[in-house]
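A.B. asks: Quick one, work-v4.pdb (PDB, C-alpha atoms):
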MODEL        1
ATOM      1  CA  MET A   1      12.359 -18.752  10.660
ATOM      2  CA  ASN A   2       8.721 -17.834  11.098
ATOM      3  CA  LYS A   3       7.240 -15.062   8.980
ATOM      4  CA  PHE A   4       7.778 -12.353  11.582
ATOM      5  CA  GLU A   5      11.453 -13.296  11.946
ATOM      6  CA  ARG A   6      11.977 -13.590   8.193
ATOM      7  CA  VAL A   7      10.507 -10.157   7.468
ATOM      8  CA  LYS A   8      12.511  -8.578  10.295
ATOM      9  CA  ALA A   9      15.719 -10.086   8.935
ATOM     10  CA  ALA A  10      14.949  -8.781   5.455
ATOM     11  CA  LEU A  11      14.349  -5.284   6.821
ATOM     12  CA  ASN A  12      17.783  -5.446   8.480
ATOM     13  CA  ARG A  13      19.399  -6.913   5.333
ATOM     14  CA  ALA A  14      20.373  -9.956   7.356
ATOM     15  CA  PRO A  15      20.525 -13.541   6.020
ATOM     16  CA  VAL A  16      17.182 -15.351   5.717
ATOM     17  CA  ASP A  17      16.240 -19.013   5.459
ATOM     18  CA  ARG A  18      14.403 -18.120   2.251
ATOM     19  CA  VAL A  19      13.631 -14.799   0.566
ATOM     20  CA  PRO A  20      10.290 -13.499   1.861
ATOM     21  CA  TYR A  21       7.499 -12.606  -0.541
ATOM     22  CA  ALA A  22       4.054 -10.998  -0.375
ATOM     23  CA  PHE A  23       1.043 -10.798  -2.679
ATOM     24  CA  TRP A  24      -1.903  -8.425  -2.235
ATOM     25  CA  ARG A  25      -5.019  -7.368  -4.157
ATOM     26  CA  HIS A  26      -8.415  -5.683  -3.949
ATOM     27  CA  PHE A  27     -11.532  -7.715  -3.172
ATOM     28  CA  PRO A  28     -14.231  -5.546  -4.755
ATOM     29  CA  GLN A  29     -17.037  -8.074  -4.274
ATOM     30  CA  VAL A  30     -16.754  -7.951  -0.479
ATOM     31  CA  ASP A  31     -14.526  -5.029   0.583
ATOM     32  CA  ARG A  32     -17.320  -2.722   1.723
ATOM     33  CA  SER A  33     -17.879  -5.074   4.665
ATOM     34  CA  ALA A  34     -15.288  -5.433   7.438
ATOM     35  CA  ALA A  35     -16.129  -9.119   7.861
ATOM     36  CA  GLY A  36     -15.988  -9.719   4.110
ATOM     37  CA  LEU A  37     -12.682  -7.887   3.721
ATOM     38  CA  ALA A  38     -11.100  -9.739   6.632
ATOM     39  CA  GLN A  39     -12.276 -13.136   5.421
ATOM     40  CA  ALA A  40     -11.164 -12.529   1.832
ATOM     41  CA  ALA A  41      -7.735 -11.270   2.926
ATOM     42  CA  LEU A  42      -7.298 -14.268   5.218
ATOM     43  CA  ARG A  43      -8.315 -16.796   2.544
ATOM     44  CA  PHE A  44      -5.972 -15.146   0.040
ATOM     45  CA  HIS A  45      -3.164 -15.294   2.605
ATOM     46  CA  GLU A  46      -3.838 -18.935   3.425
ATOM     47  CA  ARG A  47      -3.761 -19.813  -0.244
ATOM     48  CA  TYR A  48      -0.410 -18.234  -1.121
ATOM     49  CA  GLY A  49       1.399 -18.027   2.226
ATOM     50  CA  SER A  50       2.716 -14.453   1.988
ATOM     51  CA  ASP A  51       5.200 -13.307   4.609
ATOM     52  CA  PHE A  52       3.091 -10.268   5.441
ATOM     53  CA  ILE A  53      -0.565  -9.376   4.874
ATOM     54  CA  LYS A  54      -1.326  -6.059   3.231
ATOM     55  CA  LEU A  55      -4.952  -5.176   3.944
ATOM     56  CA  THR A  56      -6.493  -3.389   0.942
ATOM     57  CA  PRO A  57      -9.821  -1.703   1.747
ATOM     58  CA  ALA A  58     -12.461  -0.309  -0.585
ATOM     59  CA  SER A  59     -10.924   2.612  -2.454
ATOM     60  CA  GLY A  60     -13.615   5.066  -1.437
ATOM     61  CA  SER A  61     -13.434   4.331   2.267
ATOM     62  CA  SER A  62     -10.605   6.824   2.768
ATOM     63  CA  VAL A  63     -12.548   9.777   1.357
ATOM     64  CA  GLU A  64     -16.254   8.967   1.554
ATOM     65  CA  ASP A  65     -16.766  10.900   4.787
ATOM     66  CA  TRP A  66     -15.361  13.989   3.086
ATOM     67  CA  GLY A  67     -17.928  13.784   0.304
ATOM     68  CA  CYS A  68     -16.555  11.465  -2.359
ATOM     69  CA  VAL A  69     -18.982   8.946  -3.840
ATOM     70  CA  GLU A  70     -17.492   5.638  -4.920
ATOM     71  CA  SER A  71     -18.545   4.246  -8.280
ATOM     72  CA  ASP A  72     -19.912   0.725  -8.661
ATOM     73  CA  THR A  73     -17.626   0.219 -11.670
ATOM     74  CA  VAL A  74     -14.669  -2.045 -10.920
ATOM     75  CA  LEU A  75     -11.505  -1.188 -12.870
ATOM     76  CA  PRO A  76      -9.080  -3.902 -14.039
ATOM     77  CA  ASP A  77      -6.823  -3.476 -10.997
ATOM     78  CA  GLY A  78      -9.814  -4.186  -8.733
ATOM     79  CA  HIS A  79     -10.512  -0.713  -7.342
ATOM     80  CA  ARG A  80     -13.610   1.440  -7.824
ATOM     81  CA  PRO A  81     -12.917   5.090  -8.715
ATOM     82  CA  CYS A  82     -14.780   8.042  -7.264
ATOM     83  CA  ALA A  83     -17.927   8.842  -9.239
ATOM     84  CA  GLY A  84     -18.185  12.203  -7.509
ATOM     85  CA  HIS A  85     -15.570  14.336  -5.772
ATOM     86  CA  GLY A  86     -15.806  15.865  -2.324
ATOM     87  CA  VAL A  87     -14.093  19.089  -3.416
ATOM     88  CA  ASN A  88     -15.712  20.697  -6.446
ATOM     89  CA  SER A  89     -14.939  24.351  -5.730
ATOM     90  CA  GLY A  90     -12.306  26.316  -3.890
ATOM     91  CA  GLU A  91     -14.680  26.832  -0.969
ATOM     92  CA  ASP A  92     -15.147  23.092  -0.515
ATOM     93  CA  TRP A  93     -11.661  22.719   0.989
ATOM     94  CA  HIS A  94     -13.008  24.375   4.137
ATOM     95  CA  ARG A  95     -15.364  21.428   4.654
ATOM     96  CA  ILE A  96     -12.456  18.996   5.127
ATOM     97  CA  LYS A  97     -12.266  18.511   8.908
ATOM     98  CA  PRO A  98     -10.637  15.792  11.061
ATOM     99  CA  LEU A  99     -12.747  12.637  11.248
ATOM    100  CA  ALA A 100     -13.817  10.470  14.155
ATOM    101  CA  VAL A 101     -11.922   7.443  12.856
ATOM    102  CA  GLU A 102     -13.949   4.626  14.396
ATOM    103  CA  SER A 103     -17.253   5.873  12.952
ATOM    104  CA  SER A 104     -15.842   6.850   9.540
ATOM    105  CA  GLY A 105     -14.921   4.801   6.494
ATOM    106  CA  TYR A 106     -11.602   4.104   8.213
ATOM    107  CA  GLY A 107     -13.522   2.144  10.829
ATOM    108  CA  CYS A 108     -14.183  -0.666   8.340
ATOM    109  CA  GLN A 109     -10.474  -1.289   7.844
ATOM    110  CA  LEU A 110      -9.893  -1.007  11.580
ATOM    111  CA  GLU A 111     -12.558  -3.635  12.278
ATOM    112  CA  ALA A 112     -11.103  -5.890   9.584
ATOM    113  CA  LEU A 113      -7.702  -5.563  11.280
ATOM    114  CA  ILE A 114      -9.211  -6.609  14.594
ATOM    115  CA  ARG A 115     -10.863  -9.630  12.963
ATOM    116  CA  LEU A 116      -7.570 -10.664  11.351
ATOM    117  CA  ILE A 117      -5.175 -10.049  14.226
ATOM    118  CA  VAL A 118      -7.184 -10.525  17.408
ATOM    119  CA  ASP A 119      -9.880 -12.954  16.337
ATOM    120  CA  ARG A 120      -7.895 -15.176  13.947
ATOM    121  CA  ARG A 121      -4.310 -14.746  15.231
ATOM    122  CA  THR A 122      -2.658 -14.691  11.827
ATOM    123  CA  ASP A 123       0.813 -16.156  11.358
ATOM    124  CA  ALA A 124       2.221 -13.055   9.613
ATOM    125  CA  PRO A 125       2.554  -9.296  10.179
ATOM    126  CA  VAL A 126      -0.517  -7.335   9.069
ATOM    127  CA  VAL A 127      -0.328  -3.793   7.682
ATOM    128  CA  PRO A 128      -3.329  -1.605   6.768
ATOM    129  CA  THR A 129      -3.216   0.636   3.725
ATOM    130  CA  VAL A 130      -2.872   4.383   4.344
ATOM    131  CA  MET A 131      -2.854   6.827   1.441
ATOM    132  CA  SER A 132      -0.681   9.913   1.886
ATOM    133  CA  PRO A 133      -2.384  13.255   2.649
ATOM    134  CA  LEU A 134      -1.611  14.928  -0.681
ATOM    135  CA  SER A 135      -2.668  11.770  -2.540
ATOM    136  CA  LEU A 136      -6.000  11.910  -0.708
ATOM    137  CA  ALA A 137      -6.333  15.604  -1.539
ATOM    138  CA  ARG A 138      -6.070  14.686  -5.216
ATOM    139  CA  LYS A 139      -8.599  11.889  -4.766
ATOM    140  CA  LEU A 140     -10.941  14.412  -3.137
ATOM    141  CA  SER A 141     -10.579  17.091  -5.806
ATOM    142  CA  GLY A 142      -9.381  15.452  -9.011
ATOM    143  CA  ASP A 143      -7.620  17.551 -11.613
ATOM    144  CA  ARG A 144      -8.415  20.875  -9.893
ATOM    145  CA  LEU A 145      -5.874  20.211  -7.134
ATOM    146  CA  ARG A 146      -2.871  21.793  -8.859
ATOM    147  CA  GLN A 147      -4.810  24.961  -9.648
ATOM    148  CA  ASP A 148      -5.956  25.214  -6.033
ATOM    149  CA  LEU A 149      -2.411  24.663  -4.773
ATOM    150  CA  ARG A 150      -1.419  27.757  -6.749
ATOM    151  CA  GLU A 151      -4.480  29.914  -6.117
ATOM    152  CA  ARG A 152      -5.700  28.758  -2.672
ATOM    153  CA  PRO A 153      -2.681  27.285  -0.887
ATOM    154  CA  GLU A 154      -3.962  28.252   2.579
ATOM    155  CA  ALA A 155      -7.276  26.461   2.040
ATOM    156  CA  VAL A 156      -5.582  23.320   0.741
ATOM    157  CA  THR A 157      -3.050  23.412   3.574
ATOM    158  CA  ALA A 158      -5.848  23.565   6.162
ATOM    159  CA  ALA A 159      -7.426  20.508   4.546
ATOM    160  CA  LEU A 160      -4.068  18.691   4.522
ATOM    161  CA  GLU A 161      -3.770  19.376   8.257
ATOM    162  CA  ALA A 162      -7.197  17.812   8.846
ATOM    163  CA  ILE A 163      -6.363  14.795   6.678
ATOM    164  CA  THR A 164      -3.011  14.310   8.418
ATOM    165  CA  GLU A 165      -4.654  14.470  11.850
ATOM    166  CA  THR A 166      -7.172  11.836  10.759
ATOM    167  CA  LEU A 167      -4.456   9.538   9.405
ATOM    168  CA  THR A 168      -2.303   9.781  12.517
ATOM    169  CA  ARG A 169      -5.356   8.910  14.629
ATOM    170  CA  PHE A 170      -6.081   5.905  12.433
ATOM    171  CA  CYS A 171      -2.458   4.749  12.578
ATOM    172  CA  ALA A 172      -2.394   5.022  16.377
ATOM    173  CA  LEU A 173      -5.562   2.920  16.660
ATOM    174  CA  ALA A 174      -4.217   0.351  14.177
ATOM    175  CA  ILE A 175      -0.950  -0.032  16.089
ATOM    176  CA  ALA A 176      -2.925  -0.344  19.336
ATOM    177  CA  GLU A 177      -4.752  -3.295  17.730
ATOM    178  CA  GLU A 178      -1.375  -4.933  17.010
ATOM    179  CA  ALA A 179      -0.963  -3.987  13.360
ATOM    180  CA  ALA A 180       2.719  -4.415  12.501
ATOM    181  CA  GLY A 181       2.858  -1.006  10.860
ATOM    182  CA  ILE A 182       1.351   0.607   7.762
ATOM    183  CA  PHE A 183       1.544   0.378   3.985
ATOM    184  CA  PHE A 184       1.862   4.078   3.147
ATOM    185  CA  ALA A 185       0.886   4.698  -0.479
ATOM    186  CA  VAL A 186       2.245   7.913  -2.010
ATOM    187  CA  GLN A 187       0.791   8.819  -5.397
ATOM    188  CA  ALA A 188       1.755  12.485  -5.145
ATOM    189  CA  ALA A 189       5.561  12.150  -5.416
ATOM    190  CA  SER A 190       5.412  11.822  -9.182
ATOM    191  CA  HIS A 191       6.370  14.442 -11.744
ATOM    192  CA  ARG A 192       3.254  13.347 -13.642
ATOM    193  CA  PHE A 193       1.125  15.102 -10.993
ATOM    194  CA  HIS A 194       3.333  17.619  -9.186
ATOM    195  CA  THR A 195       6.542  19.571  -9.425
ATOM    196  CA  GLU A 196       9.235  18.758  -6.933
ATOM    197  CA  GLU A 197       8.595  22.109  -5.253
ATOM    198  CA  GLU A 198       4.894  21.291  -4.862
ATOM    199  CA  TYR A 199       5.644  17.931  -3.300
ATOM    200  CA  GLN A 200       8.312  19.457  -1.058
ATOM    201  CA  ARG A 201       5.828  22.033   0.268
ATOM    202  CA  PHE A 202       2.475  20.214   0.238
ATOM    203  CA  GLY A 203       3.412  16.539   0.327
ATOM    204  CA  GLU A 204       6.620  15.658   2.108
ATOM    205  CA  PRO A 205       6.026  17.461   5.456
ATOM    206  CA  TYR A 206       2.678  15.721   5.939
ATOM    207  CA  ASP A 207       3.996  12.345   4.792
ATOM    208  CA  ARG A 208       6.807  12.657   7.282
ATOM    209  CA  ARG A 209       4.413  13.498  10.123
ATOM    210  CA  VAL A 210       2.294  10.409   9.490
ATOM    211  CA  LEU A 211       5.308   8.131   9.195
ATOM    212  CA  GLU A 212       7.081   9.557  12.233
ATOM    213  CA  SER A 213       3.929   9.028  14.284
ATOM    214  CA  VAL A 214       4.254   5.246  13.847
ATOM    215  CA  MET A 215       7.974   4.544  13.427
ATOM    216  CA  GLY A 216       8.701   4.351  17.133
ATOM    217  CA  ARG A 217       5.979   1.760  17.736
ATOM    218  CA  ALA A 218       5.842  -0.169  14.460
ATOM    219  CA  HIS A 219       7.892  -3.032  13.020
ATOM    220  CA  LEU A 220       6.938  -2.819   9.336
ATOM    221  CA  VAL A 221       6.426   0.649   7.860
ATOM    222  CA  ILE A 222       6.364   0.491   4.070
ATOM    223  CA  VAL A 223       6.525   3.487   1.731
ATOM    224  CA  HIS A 224       4.861   2.547  -1.541
ATOM    225  CA  ALA A 225       5.845   4.861  -4.397
ATOM    226  CA  HIS A 226       2.858   4.686  -6.716
ATOM    227  CA  GLY A 227       3.061   5.345 -10.433
ATOM    228  CA  ASP A 228       5.952   6.501 -12.585
ATOM    229  CA  GLU A 229       8.225   9.537 -12.991
ATOM    230  CA  LEU A 230       8.979   9.160  -9.291
ATOM    231  CA  MET A 231      10.764  11.610  -7.024
ATOM    232  CA  PHE A 232      12.523   8.570  -5.663
ATOM    233  CA  ASP A 233      15.278  10.234  -3.668
ATOM    234  CA  ARG A 234      12.713  12.280  -1.728
ATOM    235  CA  LEU A 235      10.745   9.131  -0.952
ATOM    236  CA  ALA A 236      13.941   7.290  -0.016
ATOM    237  CA  ALA A 237      14.633   9.944   2.631
ATOM    238  CA  LEU A 238      11.307   9.373   4.402
ATOM    239  CA  PRO A 239      11.311   7.360   7.655
ATOM    240  CA  ALA A 240      10.377   3.756   6.853
ATOM    241  CA  HIS A 241      11.559   0.158   7.061
ATOM    242  CA  ALA A 242      10.921  -0.799   3.420
ATOM    243  CA  TRP A 243      10.213   0.798   0.048
ATOM    244  CA  SER A 244       7.917  -0.571  -2.658
ATOM    245  CA  TRP A 245       7.525   0.573  -6.282
ATOM    246  CA  ASP A 246       6.950  -0.835  -9.758
ATOM    247  CA  CYS A 247      10.596  -1.322 -10.654
ATOM    248  CA  ARG A 248       9.646  -3.198 -13.845
ATOM    249  CA  ALA A 249       7.825  -0.160 -15.232
ATOM    250  CA  THR A 250       9.714   2.861 -13.892
ATOM    251  CA  PRO A 251      13.202   3.682 -12.572
ATOM    252  CA  PRO A 252      15.037   2.955 -10.427
ATOM    253  CA  SER A 253      15.794  -0.718 -10.856
ATOM    254  CA  LEU A 254      15.432  -2.922  -7.797
ATOM    255  CA  GLY A 255      19.185  -3.020  -7.202
ATOM    256  CA  ASP A 256      19.622   0.708  -7.703
ATOM    257  CA  GLY A 257      16.713   1.414  -5.406
ATOM    258  CA  LYS A 258      18.194  -0.797  -2.729
ATOM    259  CA  ALA A 259      21.411   1.216  -2.891
ATOM    260  CA  ARG A 260      19.423   4.413  -2.244
ATOM    261  CA  VAL A 261      17.302   3.364   0.740
ATOM    262  CA  SER A 262      18.258   2.377   4.259
ATOM    263  CA  GLY A 263      16.041  -0.691   4.655
ATOM    264  CA  ALA A 264      14.500  -3.359   2.461
ATOM    265  CA  VAL A 265      13.022  -3.139  -1.022
ATOM    266  CA  ILE A 266       9.752  -4.760  -2.068
ATOM    267  CA  GLY A 267       9.043  -5.634  -5.672
ATOM    268  CA  GLY A 268      10.486  -7.396  -8.679
ATOM    269  CA  LEU A 269       7.205  -8.604 -10.219
ATOM    270  CA  SER A 270       5.324  -6.895 -13.044
ATOM    271  CA  GLN A 271       1.687  -7.225 -12.047
ATOM    272  CA  TRP A 272       0.444  -6.611 -15.599
ATOM    273  CA  LYS A 273       3.054  -7.808 -18.081
ATOM    274  CA  THR A 274       4.034 -10.912 -16.141
ATOM    275  CA  LEU A 275       1.299 -11.832 -13.665
ATOM    276  CA  ILE A 276      -1.486 -11.214 -16.201
ATOM    277  CA  GLU A 277       0.071 -11.714 -19.643
ATOM    278  CA  GLY A 278       2.947 -14.055 -18.807
ATOM    279  CA  SER A 279       3.182 -17.733 -17.992
ATOM    280  CA  PRO A 280       3.942 -19.224 -14.573
ATOM    281  CA  GLU A 281       7.465 -19.855 -15.838
ATOM    282  CA  ASP A 282       7.840 -16.170 -16.751
ATOM    283  CA  ALA A 283       6.787 -15.140 -13.260
ATOM    284  CA  VAL A 284       9.160 -17.602 -11.603
ATOM    285  CA  ALA A 285      12.024 -16.302 -13.757
ATOM    286  CA  GLU A 286      11.175 -12.712 -12.823
ATOM    287  CA  GLY A 287      11.169 -13.587  -9.122
ATOM    288  CA  ARG A 288      14.533 -15.291  -9.432
ATOM    289  CA  ASP A 289      15.911 -12.280 -11.288
ATOM    290  CA  ALA A 290      14.843 -10.039  -8.383
ATOM    291  CA  VAL A 291      16.655 -12.314  -5.945
ATOM    292  CA  GLY A 292      19.773 -12.299  -8.088
ATOM    293  CA  GLU A 293      19.756  -8.523  -8.496
ATOM    294  CA  THR A 294      19.739  -7.997  -4.721
ATOM    295  CA  ASP A 295      21.735 -11.080  -3.652
ATOM    296  CA  GLY A 296      18.586 -12.120  -1.790
ATOM    297  CA  LEU A 297      19.305  -9.686   1.037
ATOM    298  CA  GLY A 298      17.097  -6.766   2.014
ATOM    299  CA  LEU A 299      14.427  -8.023  -0.384
ATOM    300  CA  ILE A 300      10.774  -8.974  -0.160
ATOM    301  CA  VAL A 301       9.587 -10.210  -3.548
ATOM    302  CA  GLY A 302       6.258  -8.661  -4.476
ATOM    303  CA  PRO A 303       4.267  -6.937  -7.205
ATOM    304  CA  GLY A 304       4.850  -3.333  -8.218
ATOM    305  CA  CYS A 305       1.306  -2.526  -7.079
ATOM    306  CA  VAL A 306      -1.932  -4.425  -6.399
ATOM    307  CA  ILE A 307      -2.258  -7.735  -8.211
ATOM    308  CA  PRO A 308      -5.239  -7.547 -10.574
ATOM    309  CA  PRO A 309      -8.067  -9.976  -9.751
ATOM    310  CA  ALA A 310      -7.579 -11.553 -13.190
ATOM    311  CA  ALA A 311      -4.105 -12.853 -12.256
ATOM    312  CA  MET A 312      -3.941 -16.619 -12.713
ATOM    313  CA  ASP A 313      -3.951 -18.750  -9.600
ATOM    314  CA  ALA A 314      -1.450 -21.121 -11.198
ATOM    315  CA  THR A 315       1.011 -18.257 -11.688
ATOM    316  CA  LEU A 316       0.865 -17.145  -8.059
ATOM    317  CA  VAL A 317       1.101 -20.740  -6.836
ATOM    318  CA  ALA A 318       4.189 -21.358  -8.986
ATOM    319  CA  LEU A 319       5.793 -18.160  -7.703
ATOM    320  CA  ALA A 320       5.122 -18.985  -4.067
ATOM    321  CA  LYS A 321       6.501 -22.493  -4.448
ATOM    322  CA  SER A 322       9.604 -21.298  -6.310
ATOM    323  CA  LEU A 323      10.384 -18.969  -3.384
ATOM    324  CA  GLY A 324      10.013 -21.763  -0.850
ATOM    325  CA  GLY A 325       6.545 -20.799   0.343
ATOM    326  CA  THR A 326       3.707 -23.069   1.410
ATOM    327  CA  VAL A 327       0.469 -23.134  -0.580
ATOM    328  CA  GLN A 328      -2.791 -24.417   0.898
ATOM    329  CA  LEU A 329      -5.702 -25.632  -1.201
ATOM    330  CA  ARG A 330      -8.246 -24.600   1.419
ATOM    331  CA  GLY A 331      -7.259 -20.977   1.011
ATOM    332  CA  ILE A 332      -8.515 -20.555  -2.568
ATOM    333  CA  PRO A 333      -9.559 -16.893  -2.742
ATOM    334  CA  PRO A 334     -12.926 -15.630  -4.045
ATOM    335  CA  ALA A 335     -13.128 -14.783  -7.726
TER     336      ALA A 335
ENDMDL
END
What would the structure in this file look like if it were written as structure tokens?

C.D. replies:
Amino acid sequence: MNKFERVKAALNRAPVDRVPYAFWRHFPQVDRSAAGLAQAALRFHERYGSDFIKLTPASGSSVEDWGCVESDTVLPDGHRPCAGHGVNSGEDWHRIKPLAVESSGYGCQLEALIRLIVDRRTDAPVVPTVMSPLSLARKLSGDRLRQDLRERPEAVTAALEAITETLTRFCALAIAEEAAGIFFAVQAASHRFHTEEEYQRFGEPYDRRVLESVMGRAHLVIVHAHGDELMFDRLAALPAHAWSWDCRATPPSLGDGKARVSGAVIGGLSQWKTLIEGSPEDAVAEGRDAVGETDGLGLIVGPGCVIPPAAMDATLVALAKSLGGTVQLRGIPPA
């Protein structure tokens, strides 16, 4: 099987020649440049031979045109937080309007996609990262979001409409450039941030609109459930081909999650406890455990979230080799 065939089989829970796997991370030294992001993602892919490429742009690129200012401080997971929010008062929600995607921060990821897919003809499906509308609303406003949902629901809803329109435009352009689908990151479907009623009203309808806009034309739509205290059954009901979450840190387990979704599951690796603190042997054992828990069907082995830049090369190499992947010396990623 080639990587496209292997991933497709996993999504259909069909037998595979080997269990597919994927690694992804931030590249904070270069991710503000489309050329730098594309080159770093390609070198990382060449090194570890993942079965799909998840393109991870600069964290601020999704909200900078709505007023957020990205910090220069790089956190341990590789992303830079917002140093300043775009929504600092209730009136600021009215400034959130649909963006012209190509000339916005989303254009950098779009150009990187073109460089990867069209210019370099990668050997694996490529998916850009898309944060869910309510997750972006929180990124724009910080801790004031829940208060505004209660006190100014119409203003927040108008902003969510504008964000959703922007995301669907971006997704359409990405699919037109031969992206395989999207990696749809949902931070809002967590009881840590919202009640189930809040997510049902302000999150789920917009998530569904974005996902439904690509499902008919895409081959690899991934719902990534970010964080803990997940509203997993709500996420499992969204239209997608695969579901990703940190099963080593929060329920459900990989096997239980597989029983609750209709497609494949992605995960099995603890990006902090194992990939940072553990040995290569620990990581290999964790990967094998994931395969055993799912009978190797409907599974793509991967981290629960982005792999921190401090993860040891030897650990990722050992993992890739243990899963039957091919590692190339010339693909050593930047530090």

A.B. asks: Determine, using all atoms listed in the file, which residues of stretch 59-171 of chain A have any atom at most 12 Å from an atom of stretch 305-316 of chain A, and tabulate each with its shortest atom pair and distance in Å to one decimal place, rows ordered by chain and then rising number, as CSV.

C.D. replies:
residue,atom,partner,partner_atom,distance
A:Val74,CA,A:Pro309,CA,10.4
A:Leu75,CA,A:Pro308,CA,9.2
A:Pro76,CA,A:Pro308,CA,6.3
A:Asp77,CA,A:Pro308,CA,4.4
A:Gly78,CA,A:Pro308,CA,6.0
A:His79,CA,A:Pro308,CA,9.2
A:Thr129,CA,A:Val306,CA,11.4

A.B. asks: Using all atoms of stretch 78-94 of chain A that appear in the file, construct an axis-aligned enclosing box with 8 Å of padding on every side and provide its centre coordinates and edge lengths in Å, rounded to one decimal, as JSON.

C.D. replies:
{"center_x": -14.0, "center_y": 11.3, "center_z": -2.6, "size_x": 24.4, "size_y": 47.0, "size_z": 29.4}

A.B. asks: Under the PyMOL selection byres ((chain A and resi 240) around 7), which residues of this model are included? Write them out as a PDB file with C-alpha atoms, in the frame of the given file.

C.D. replies:
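Resulting contents of selection21.pdb:
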ATOM      1  CA  VAL A 221       6.426   0.649   7.860  1.00  0.00           C
ATOM      2  CA  ILE A 222       6.364   0.491   4.070  1.00  0.00           C
ATOM      3  CA  VAL A 223       6.525   3.487   1.731  1.00  0.00           C
ATOM      4  CA  LEU A 238      11.307   9.373   4.402  1.00  0.00           C
ATOM      5  CA  PRO A 239      11.311   7.360   7.655  1.00  0.00           C
ATOM      6  CA  HIS A 241      11.559   0.158   7.061  1.00  0.00           C
ATOM      7  CA  ALA A 242      10.921  -0.799   3.420  1.00  0.00           C
TER       8      ALA A 242
END

A.B. asks: For the atom pair atom CA of A:Ala112 and atom CA of A:Ala34, what is the interatomic distance in Å to one decimal place?

C.D. replies: 4.7 Å

A.B. asks: For A:Ser141, which of A:Gly325, A:Gly90, A:Pro98, A:Pro280 is the closest residue, counting all atoms listed in the file?

C.D. replies: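 Using all atoms listed in the file, A:Ser141 sits closest to A:Gly90.
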
A.B. asks: Enter the distance from atom CA of A:Ser135 to atom CA of A:Trp272, in Å, rounded to one decimal.

C.D. replies: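 For atom CA of A:Ser135 relative to atom CA of A:Trp272, the distance reads 22.8 Å.
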
A.B. asks: With the PyMOL selection byres ((chain A and resi 49) around 12) as the selection, what would be picked from this file? Answer as number ranges by chain, please.

C.D. replies: A: 2-3, 20-24, 41-48, 50-53, 122-125, 316-317, 319-321, 323-332

A.B. asks: With only C-alpha atoms as the basis for distance, which of A:Val126, A:Ala189, A:Leu254, A:Ala176 is at the shortest distance from A:Val291?

C.D. replies: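 Of all the options, A:Leu254 lies closest to A:Val291.
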
A.B. asks: Can you measure atom CA of A:Gly84 to atom CA of A:Ser71 for me? One decimal in Å is fine.

C.D. replies: 8.0 Å

A.B. asks: Which residue is closest to A:Arg152? Choose from A:Ser190, A:Thr164, A:Thr56, A:Ser89 and count all atoms listed in the file.

C.D. replies: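 Closest candidate: A:Ser89.
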
A.B. asks: (-5.9, 15.4, 8.6) in this file's frame - what residues fall within 10 Å of it? Use all atoms listed in the file and give the answer as number ranges by chain.

C.D. replies: A: 96-99, 133, 136, 157-169, 206, 210

A.B. asks: Produce a file of the selected residues containing C-alpha atoms, as a CSV table (one decimal), in the frame of the given file.

C.D. replies:
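File produced: result26.csv:
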chain,number,residue,atom,x,y,z
A,96,ILE,CA,-12.5,19.0,5.1
A,97,LYS,CA,-12.3,18.5,8.9
A,98,PRO,CA,-10.6,15.8,11.1
A,99,LEU,CA,-12.7,12.6,11.2
A,133,PRO,CA,-2.4,13.3,2.6
A,136,LEU,CA,-6.0,11.9,-0.7
A,157,THR,CA,-3.0,23.4,3.6
A,158,ALA,CA,-5.8,23.6,6.2
A,159,ALA,CA,-7.4,20.5,4.5
A,160,LEU,CA,-4.1,18.7,4.5
A,161,GLU,CA,-3.8,19.4,8.3
A,162,ALA,CA,-7.2,17.8,8.8
A,163,ILE,CA,-6.4,14.8,6.7
A,164,THR,CA,-3.0,14.3,8.4
A,165,GLU,CA,-4.7,14.5,11.8
A,166,THR,CA,-7.2,11.8,10.8
A,167,LEU,CA,-4.5,9.5,9.4
A,168,THR,CA,-2.3,9.8,12.5
A,169,ARG,CA,-5.4,8.9,14.6
A,206,TYR,CA,2.7,15.7,5.9
A,210,VAL,CA,2.3,10.4,9.5

A.B. asks: Pick the closest to A:Lys258 from A:Ala174, A:Met231, A:Val101, A:Leu297: which is it, counting only C-alpha atoms?

C.D. replies: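 Ranking A:Ala174, A:Met231, A:Val101, A:Leu297 by distance to A:Lys258, first place goes to A:Leu297.
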
A.B. asks: Can you pull out every residue within 12 Å of A:Ala259, counting only C-alpha atoms, but drop anything in the same chain fewer than 2 positions away, and send it as a PyMOL selection string?

C.D. replies: chain A and resi 13+232-233+236+243+252-257+261-265+293-294+297-299

A.B. asks: When the PyMOL selection byres ((chain A and resi 64-69) around 10) is applied to the structure above, which residues does it catch, written out as a PyMOL selection string?

C.D. replies: chain A and resi 59-63+70-72+81-88+92-93+95-100+103-106+139-141+163

A.B. asks: Applying 8 Å and all atoms listed in the file, which residues near A:Arg32 remain after dropping the ones on its own chain fewer than 4 positions away? List them as a PyMOL selection string.

C.D. replies: chain A and resi 28+36-37+57-58+108

A.B. asks: Restrict the selected residues to C-alpha atoms and save them as an mmCIF file, in the frame of the given file.

C.D. replies:
data_model
loop_
_atom_site.group_PDB
_atom_site.id
_atom_site.type_symbol
_atom_site.label_atom_id
_atom_site.label_comp_id
_atom_site.auth_asym_id
_atom_site.auth_seq_id
_atom_site.Cartn_x
_atom_site.Cartn_y
_atom_site.Cartn_z
ATOM 1 C CA PRO A 28 -14.231 -5.546 -4.755
ATOM 2 C CA GLY A 36 -15.988 -9.719 4.110
ATOM 3 C CA LEU A 37 -12.682 -7.887 3.721
ATOM 4 C CA PRO A 57 -9.821 -1.703 1.747
ATOM 5 C CA ALA A 58 -12.461 -0.309 -0.585
ATOM 6 C CA CYS A 108 -14.183 -0.666 8.340
#
